[in-house]
file final19.txt (compact mmCIF, C-alpha atoms)
# COMPACT_ATOMS: atom_id res chain seq x y z
CA MET A 1 0.00 0.00 0.00
CA ASN A 2 1.57 3.29 -1.07
CA SER A 3 1.31 6.69 0.59
CA GLN A 4 -1.50 7.89 -1.66
CA GLN A 5 -3.63 4.88 -0.78
CA ILE A 6 -3.03 5.42 2.92
CA LYS A 7 -4.05 9.07 2.61
CA ALA A 8 -7.15 8.08 0.64
CA ILE A 9 -8.25 5.70 3.42
CA ALA A 10 -7.70 8.40 6.03
CA ARG A 11 -9.71 10.91 3.99
CA ARG A 12 -12.56 8.45 3.55
CA THR A 13 -12.61 7.81 7.30
CA ILE A 14 -12.75 11.52 8.07
CA GLU A 15 -15.45 12.11 5.45
CA LEU A 16 -17.64 9.32 6.83
CA GLU A 17 -17.29 10.50 10.40
CA THR A 18 -17.86 14.13 9.39
CA ALA A 19 -21.09 13.10 7.67
CA SER A 20 -22.18 11.23 10.79
CA VAL A 21 -21.62 14.26 12.97
CA ALA A 22 -23.41 16.59 10.53
CA GLY A 23 -26.38 14.23 10.48
CA LEU A 24 -26.90 14.69 14.22
CA GLN A 25 -28.41 18.12 13.63
CA GLU A 26 -31.56 16.46 12.29
CA PHE A 27 -31.95 14.55 15.57
CA LEU A 28 -32.02 17.61 17.83
CA ASN A 29 -35.70 17.26 18.64
CA ASP A 30 -37.94 17.82 21.66
CA ASP A 31 -36.44 14.79 23.38
CA PHE A 32 -33.03 16.45 23.33
CA VAL A 33 -34.51 19.62 24.85
CA SER A 34 -36.32 17.59 27.52
CA ALA A 35 -33.12 15.72 28.35
CA VAL A 36 -31.19 18.96 28.84
CA GLN A 37 -33.97 20.37 31.00
CA ALA A 38 -34.24 17.19 33.08
CA VAL A 39 -30.53 17.16 33.87
CA TYR A 40 -30.53 20.89 34.61
CA ALA A 41 -33.51 20.60 36.97
CA SER A 42 -32.19 17.51 38.73
CA LYS A 43 -31.18 17.82 42.38
CA GLY A 44 -28.91 14.82 41.92
CA ARG A 45 -26.25 13.81 39.43
CA LEU A 46 -26.24 12.53 35.90
CA VAL A 47 -25.17 8.89 36.00
CA VAL A 48 -23.85 7.80 32.60
CA SER A 49 -23.49 4.13 31.68
CA GLY A 50 -22.59 1.99 28.72
CA ILE A 51 -20.87 -1.21 27.60
CA GLY A 52 -17.85 -1.74 25.34
CA LYS A 53 -16.75 1.30 23.35
CA SER A 54 -19.86 3.16 24.48
CA ALA A 55 -18.60 2.81 28.04
CA ILE A 56 -15.40 4.62 27.08
CA VAL A 57 -17.47 7.38 25.50
CA ALA A 58 -19.52 7.54 28.71
CA GLN A 59 -16.34 8.15 30.71
CA LYS A 60 -15.36 11.03 28.47
CA ILE A 61 -18.83 12.60 28.67
CA VAL A 62 -18.77 12.35 32.46
CA ALA A 63 -15.35 14.02 32.55
CA THR A 64 -16.61 16.87 30.37
CA LEU A 65 -19.77 17.34 32.42
CA ASN A 66 -17.96 17.34 35.76
CA SER A 67 -15.46 19.92 34.55
CA THR A 68 -18.19 22.20 33.23
CA GLY A 69 -20.50 22.36 36.22
CA THR A 70 -22.79 19.32 35.90
CA PRO A 71 -22.11 16.74 38.65
CA SER A 72 -21.85 13.37 36.93
CA LEU A 73 -20.90 9.80 37.65
CA TYR A 74 -19.69 6.98 35.41
CA MET A 75 -21.18 3.50 35.90
CA HIS A 76 -20.13 0.55 33.74
CA ALA A 77 -23.23 -1.35 32.65
CA ALA A 78 -21.77 -4.78 33.46
CA ASP A 79 -20.59 -3.68 36.90
CA ALA A 80 -23.94 -2.02 37.54
CA ILE A 81 -25.81 -5.32 37.45
CA HIS A 82 -23.24 -6.82 39.80
CA GLY A 83 -23.56 -4.29 42.59
CA ASP A 84 -22.56 -0.87 41.30
CA LEU A 85 -26.19 0.02 40.73
CA GLY A 86 -26.14 1.06 44.37
CA MET A 87 -24.44 4.30 43.37
CA VAL A 88 -27.65 5.52 41.72
CA GLN A 89 -29.57 7.78 44.09
CA GLU A 90 -33.23 8.77 44.00
CA ALA A 91 -32.67 12.25 42.57
CA ASP A 92 -30.23 11.13 39.88
CA VAL A 93 -30.91 11.14 36.16
CA VAL A 94 -29.45 8.15 34.32
CA MET A 95 -28.19 8.15 30.75
CA VAL A 96 -27.39 4.84 29.05
CA ILE A 97 -25.32 4.87 25.85
CA SER A 98 -25.49 2.08 23.29
CA LYS A 99 -25.24 1.83 19.53
CA SER A 100 -27.66 -1.08 19.15
CA GLY A 101 -29.67 -0.62 22.34
CA GLU A 102 -29.94 -4.40 22.48
CA SER A 103 -26.82 -5.52 24.40
CA PRO A 104 -27.59 -8.19 27.04
CA GLU A 105 -26.21 -6.03 29.84
CA ILE A 106 -28.37 -3.11 28.71
CA LYS A 107 -31.48 -5.30 28.68
CA VAL A 108 -30.82 -6.27 32.29
CA LEU A 109 -29.82 -2.80 33.49
CA VAL A 110 -32.61 -0.71 31.96
CA PRO A 111 -35.60 -2.37 33.73
CA LEU A 112 -33.79 -2.03 37.06
CA ILE A 113 -33.35 1.71 36.52
CA ARG A 114 -37.00 2.02 35.52
CA ASN A 115 -38.00 0.22 38.70
CA PHE A 116 -35.98 2.73 40.72
CA GLY A 117 -38.10 5.50 39.20
CA ASN A 118 -35.16 7.51 37.85
CA ILE A 119 -35.50 9.50 34.64
CA LEU A 120 -33.80 7.46 31.92
CA ILE A 121 -32.16 9.05 28.88
CA GLY A 122 -31.16 6.66 26.12
CA MET A 123 -28.39 7.70 23.76
CA VAL A 124 -28.83 5.09 21.07
CA GLY A 125 -28.30 4.45 17.38
CA ARG A 126 -31.56 2.61 16.78
CA GLU A 127 -34.92 4.21 17.47
CA ASP A 128 -36.70 0.82 17.43
CA SER A 129 -34.34 -0.73 20.00
CA PHE A 130 -35.10 -1.98 23.49
CA LEU A 131 -33.23 0.93 25.05
CA ALA A 132 -35.09 3.50 22.95
CA ARG A 133 -38.48 2.02 23.81
CA GLN A 134 -37.72 1.98 27.54
CA SER A 135 -36.21 5.49 27.78
CA ASN A 136 -38.05 8.63 28.86
CA MET A 137 -36.06 10.61 26.28
CA VAL A 138 -34.02 9.39 23.34
CA LEU A 139 -30.88 11.08 22.02
CA ASN A 140 -30.66 9.67 18.54
CA THR A 141 -27.10 8.95 17.38
CA THR A 142 -27.94 6.84 14.33
CA VAL A 143 -25.18 6.68 11.70
CA SER A 144 -25.53 5.36 8.16
CA GLN A 145 -22.16 3.67 8.09
CA GLU A 146 -19.17 2.97 10.31
CA ALA A 147 -15.83 4.21 8.99
CA CYS A 148 -14.50 0.69 9.44
CA PRO A 149 -14.16 -1.02 6.00
CA ASN A 150 -16.25 -3.91 7.31
CA ASN A 151 -18.87 -1.53 8.74
CA LEU A 152 -18.39 -3.23 12.10
CA ALA A 153 -15.88 -1.52 14.39
CA PRO A 154 -17.44 1.39 16.31
CA THR A 155 -15.98 4.49 14.64
CA SER A 156 -18.61 6.81 13.19
CA SER A 157 -21.05 5.74 15.89
CA THR A 158 -18.73 6.50 18.82
CA THR A 159 -17.82 9.84 17.24
CA ALA A 160 -21.52 10.68 17.01
CA GLN A 161 -22.00 9.69 20.66
CA MET A 162 -19.11 11.89 21.72
CA VAL A 163 -20.45 14.89 19.82
CA MET A 164 -23.97 14.42 21.17
CA GLY A 165 -22.49 14.32 24.67
CA ASP A 166 -20.63 17.56 23.98
CA ALA A 167 -23.84 19.17 22.74
CA LEU A 168 -25.55 18.17 25.98
CA ALA A 169 -22.66 19.50 28.09
CA VAL A 170 -22.45 22.84 26.28
CA CYS A 171 -26.21 23.42 26.56
CA LEU A 172 -25.97 22.79 30.30
CA MET A 173 -23.01 25.15 30.57
CA GLU A 174 -25.04 27.90 28.93
CA LEU A 175 -28.03 27.25 31.18
CA ARG A 176 -25.85 27.42 34.29
CA GLY A 177 -24.03 30.55 33.12
CA PHE A 178 -20.77 28.64 33.55
CA ASN A 179 -17.91 31.07 32.83
CA GLY A 180 -14.13 31.17 32.69
CA GLN A 181 -13.76 31.73 36.44
CA ASP A 182 -15.94 28.69 37.14
CA PHE A 183 -13.84 26.68 34.68
CA ALA A 184 -10.66 27.74 36.49
CA LYS A 185 -11.96 26.38 39.80
CA PHE A 186 -12.22 22.90 38.32
CA HIS A 187 -8.94 23.04 36.34
CA PRO A 188 -6.27 24.23 38.79
CA GLY A 189 -3.59 21.87 37.53
CA GLY A 190 -1.29 21.92 34.52
CA ASN A 191 -0.74 24.62 31.95
CA LEU A 192 -4.47 25.01 31.32
CA GLY A 193 -5.03 25.78 34.98
CA LYS A 194 -2.25 28.32 35.02
CA LYS A 195 -3.77 30.15 32.07
CA LEU A 196 -7.02 30.37 33.98
CA TYR A 197 -5.84 31.41 37.44
CA LEU A 198 -2.24 32.68 37.32
CA ARG A 199 -2.04 36.44 37.72
CA VAL A 200 0.69 38.99 37.10
CA ARG A 201 1.08 39.55 40.84
CA ASP A 202 2.03 35.89 41.27
CA LEU A 203 5.06 36.40 39.04
CA TYR A 204 6.47 39.92 39.25
CA VAL A 205 7.00 39.72 43.04
CA ASN A 206 9.75 37.14 42.44
CA ASN A 207 11.77 39.61 40.36
CA GLN A 208 13.97 42.47 41.47
CA LYS A 209 12.53 45.95 41.17
CA PRO A 210 15.07 47.98 39.18
CA SER A 211 14.64 51.74 39.08
CA VAL A 212 16.54 54.97 38.64
CA LEU A 213 15.74 58.66 38.91
CA PRO A 214 15.43 60.78 35.75
CA ASP A 215 18.83 62.43 36.37
CA ALA A 216 20.69 59.15 36.89
CA ASN A 217 23.91 59.00 34.88
CA LEU A 218 24.73 56.30 32.35
CA LYS A 219 26.75 54.22 34.81
CA GLU A 220 23.85 54.12 37.27
CA VAL A 221 21.44 53.13 34.51
CA ILE A 222 23.68 50.28 33.32
CA ILE A 223 24.23 48.98 36.87
CA SER A 224 20.47 49.01 37.50
CA ILE A 225 19.71 47.10 34.30
CA SER A 226 22.52 44.59 34.80
CA GLY A 227 21.77 44.00 38.46
CA SER A 228 18.20 42.85 37.91
CA ARG A 229 18.92 40.70 34.85
CA LEU A 230 15.58 41.80 33.43
CA GLY A 231 17.01 43.89 30.60
CA VAL A 232 15.23 47.01 31.81
CA THR A 233 15.02 49.59 34.54
CA ALA A 234 12.14 51.91 35.37
CA VAL A 235 12.59 55.66 35.49
CA LEU A 236 10.58 57.01 38.42
CA GLY A 237 9.27 60.41 39.40
CA PRO A 238 9.24 61.85 42.93
CA ALA A 239 5.99 60.08 43.85
CA ASN A 240 7.18 56.64 42.65
CA GLU A 241 5.22 57.10 39.43
CA VAL A 242 6.54 55.52 36.24
CA LEU A 243 7.87 58.13 33.82
CA GLY A 244 9.51 55.69 31.43
CA VAL A 245 11.87 52.75 31.06
CA VAL A 246 15.36 52.23 29.78
CA THR A 247 16.03 48.87 28.14
CA ASP A 248 19.10 47.14 26.74
CA GLY A 249 17.81 48.16 23.34
CA ASP A 250 17.63 51.82 24.35
CA LEU A 251 21.29 51.68 25.38
CA ARG A 252 22.36 50.16 22.07
CA ARG A 253 20.40 52.70 20.05
CA MET A 254 21.92 55.51 22.12
CA LEU A 255 25.47 54.27 21.50
CA GLU A 256 24.83 54.12 17.75
CA LYS A 257 24.35 57.90 17.81
CA ASP A 258 27.85 58.44 19.29
CA PRO A 259 26.73 60.85 22.08
CA ASP A 260 28.74 62.46 24.84
CA LEU A 261 28.42 59.66 27.39
CA LYS A 262 29.33 61.91 30.32
CA THR A 263 26.23 64.04 29.83
CA ILE A 264 23.72 61.28 29.21
CA ARG A 265 20.98 60.98 31.82
CA ALA A 266 18.20 58.39 32.14
CA GLU A 267 15.55 60.87 31.03
CA ASN A 268 17.48 61.47 27.78
CA ILE A 269 17.28 57.86 26.61
CA MET A 270 14.18 56.47 28.32
CA THR A 271 11.07 55.32 26.50
CA PRO A 272 8.25 57.42 28.00
CA ASN A 273 4.83 55.99 28.85
CA PRO A 274 5.98 52.36 28.56
CA LYS A 275 3.60 49.44 28.09
CA SER A 276 2.30 48.41 31.50
CA ILE A 277 -0.13 46.05 33.17
CA GLY A 278 -1.83 45.82 36.55
CA GLY A 279 -0.91 43.28 39.19
CA ASP A 280 -4.40 41.77 39.20
CA ALA A 281 -4.36 41.11 35.46
CA MET A 282 -4.18 37.53 34.22
CA ALA A 283 -0.70 36.35 33.32
CA ILE A 284 -2.02 35.17 29.95
CA ASP A 285 -3.07 38.78 29.25
CA ALA A 286 0.49 39.89 29.94
CA LEU A 287 1.68 37.37 27.39
CA ASP A 288 -0.78 38.73 24.84
CA LEU A 289 0.57 42.26 25.38
CA LEU A 290 4.17 41.12 24.99
CA ARG A 291 3.33 39.36 21.75
CA LYS A 292 1.26 42.24 20.41
CA HIS A 293 4.03 44.81 20.92
CA ASP A 294 6.95 42.43 20.29
CA ILE A 295 8.65 43.20 23.60
CA THR A 296 10.07 41.02 26.37
CA GLN A 297 9.08 42.83 29.56
CA LEU A 298 6.23 44.89 30.97
CA VAL A 299 6.10 47.43 33.77
CA VAL A 300 3.66 46.42 36.49
CA ALA A 301 1.88 49.47 37.87
CA ASP A 302 -1.32 50.33 39.67
CA THR A 303 -4.06 52.57 38.30
CA ASN A 304 -2.14 55.69 39.42
CA LYS A 305 1.02 54.58 37.57
CA GLN A 306 2.66 53.69 40.88
CA TYR A 307 5.56 51.35 40.17
CA LEU A 308 5.10 47.79 41.40
CA GLY A 309 7.72 45.85 39.47
CA ILE A 310 8.60 44.12 36.21
CA ILE A 311 7.20 40.97 34.58
CA HIS A 312 9.44 39.34 31.98
CA LEU A 313 8.72 36.97 29.13
CA HIS A 314 10.95 34.41 30.86
CA ASP A 315 8.54 34.38 33.83
CA LEU A 316 5.75 33.24 31.53
CA ILE A 317 7.94 30.68 29.77
CA LYS A 318 8.99 29.25 33.13
CA GLU A 319 5.33 28.74 34.07
CA GLY A 320 4.64 26.91 30.82
CA LEU A 321 2.28 29.51 29.36
CA ILE A 322 4.20 29.38 26.10

call {"tool": "encode", "arguments": {"input": "final19.txt", "output": "structure tokens"}}
result
Amino acid sequence: MNSQQIKAIARRTIELETASVAGLQEFLNDDFVSAVQAVYASKGRLVVSGIGKSAIVAQKIVATLNSTGTPSLYMHAADAIHGDLGMVQEADVVMVISKSGESPEIKVLVPLIRNFGNILIGMVGREDSFLARQSNMVLNTTVSQEACPNNLAPTSSTTAQMVMGDALAVCLMELRGFNGQDFAKFHPGGNLGKKLYLRVRDLYVNNQKPSVLPDANLKEVIISISGSRLGVTAVLGPANEVLGVVTDGDLRRMLEKDPDLKTIRAENIMTPNPKSIGGDAMAIDALDLLRKHDITQLVVADTNKQYLGIIHLHDLIKEGLI
């Protein structure tokens, strides 16, 4: 099999699965709306169950729901009928996922859930199946063809299930008014968490706070820049307000003009009104400013331009934001 044939197979797979996902739009009926409303109104959790590949999809859906404000629980269908059914509480809504809706484990599990009196949502690929007939609401994930060449291995069908689960989760997010701050509470770890909660004040306080007065001579400016290893020093007024900054680049540009070095003062070479950011700003916003203006450091100042410190690109790299 040559490279073109391999690419052709991959394209066909993507096309089939894309068609399956697009077809889901036709299945967004009143049952889907009722399912969203039932989960939103529930005082309990959404318990999601399945068997085989559908069980793996169920785990992913539960993970998405939990991280976006809808308390959820995963329950393997086979384990459920061997004791795990005890995790289902009276106020819970149960969603069972199955392509055929006819698996032996599903046929045992579903009547038990119905006997408990819980609302049952069936996410199923056959509207005439046992699961569909027994469910209070049906989320239809029918696909015309699996991407598998034998039309057997769950591919298009599991993709459709995943997307339907995402549609459910996003609708619930919107209903709950779930925002970025809420998201940050549930994602404190890793680089994603840092982007959501890390603030400028968490970083600049670890740096030195280089500064000079406007009449500082060239030697004082160079010592201030070199001592902090930030490539910059702030030029401050009498009330600790930021008048400007002098960077390594400013020094180089000044030397190119061949000036009288003995007469140079900080105010002669500083960049006035430098780019700045507040201490309460998100660190990711600082990164956006650095990228936008193609610079490597920002002055940190309060609303009255009072000097707080310096945040450097290296601080953001060290935290994994880049």

call {"tool": "closest_residue", "arguments": {"input": "final19.txt", "among": "A:Met270, A:Gly227, A:Val138, A:Gly86", "to": "Phe116 of chain A", "atoms": "all atoms listed in the file"}}
result
A:Gly86

call {"tool": "atom_distance", "arguments": {"input": "final19.txt", "atom1": "atom CA of Pro210 of chain A", "atom2": "atom CA of Ile225 of chain A"}}
result
6.8 Å

call {"tool": "closest_residue", "arguments": {"input": "final19.txt", "among": "A:Met123, A:Ala283, A:Leu168, A:Leu175", "to": "Ile317 of chain A", "atoms": "all atoms listed in the file"}}
result
A:Ala283

call {"tool": "residues_around", "arguments": {"input": "final19.txt", "residues": "segment 157-163 of chain A", "least_positions_apart": "4", "cutoff": "12 Å", "atoms": "all atoms listed in the file", "output": "PyMOL selection string"}}
result
chain A and resi 13-14+16-25+27+50-64+95-100+122-126+139-148+151-153+167-170

call {"tool": "residues_around", "arguments": {"input": "final19.txt", "residues": "Ile81 of chain A", "least_positions_apart": "2", "cutoff": "9 Å", "atoms": "all atoms listed in the file", "output": "list in words"}}
result
His76, Ala77, Ala78, Asp79, Gly83, Asp84, Leu85, Glu105, Val108, Leu109 and Leu112 of chain A

call {"tool": "atom_distance", "arguments": {"input": "final19.txt", "atom1": "atom CA of Asn179 of chain A", "atom2": "atom CA of Leu290 of chain A"}}
result
25.5 Å

call {"tool": "residues_around", "arguments": {"input": "final19.txt", "residues": "Ala38 of chain A", "least_positions_apart": "5", "cutoff": "10 Å", "atoms": "only C-alpha atoms", "output": "list in words"}}
result
Phe32, Val33, Lys43, Leu46, Asp92, Val93, Ile119, Leu120, Ile121 and Met137 of chain A

call {"tool": "residues_near_point", "arguments": {"input": "final19.txt", "point": "(7.5, 55.3, 38.1)", "cutoff": "10 Å", "atoms": "all atoms listed in the file", "output": "VMD selection string"}}
result
chain A and resid 211 to 214 234 to 245 273 299 to 301 304 to 309

call {"tool": "atom_distance", "arguments": {"input": "final19.txt", "atom1": "atom CA of Gly249 of chain A", "atom2": "atom CA of Thr233 of chain A"}}
result
11.6 Å
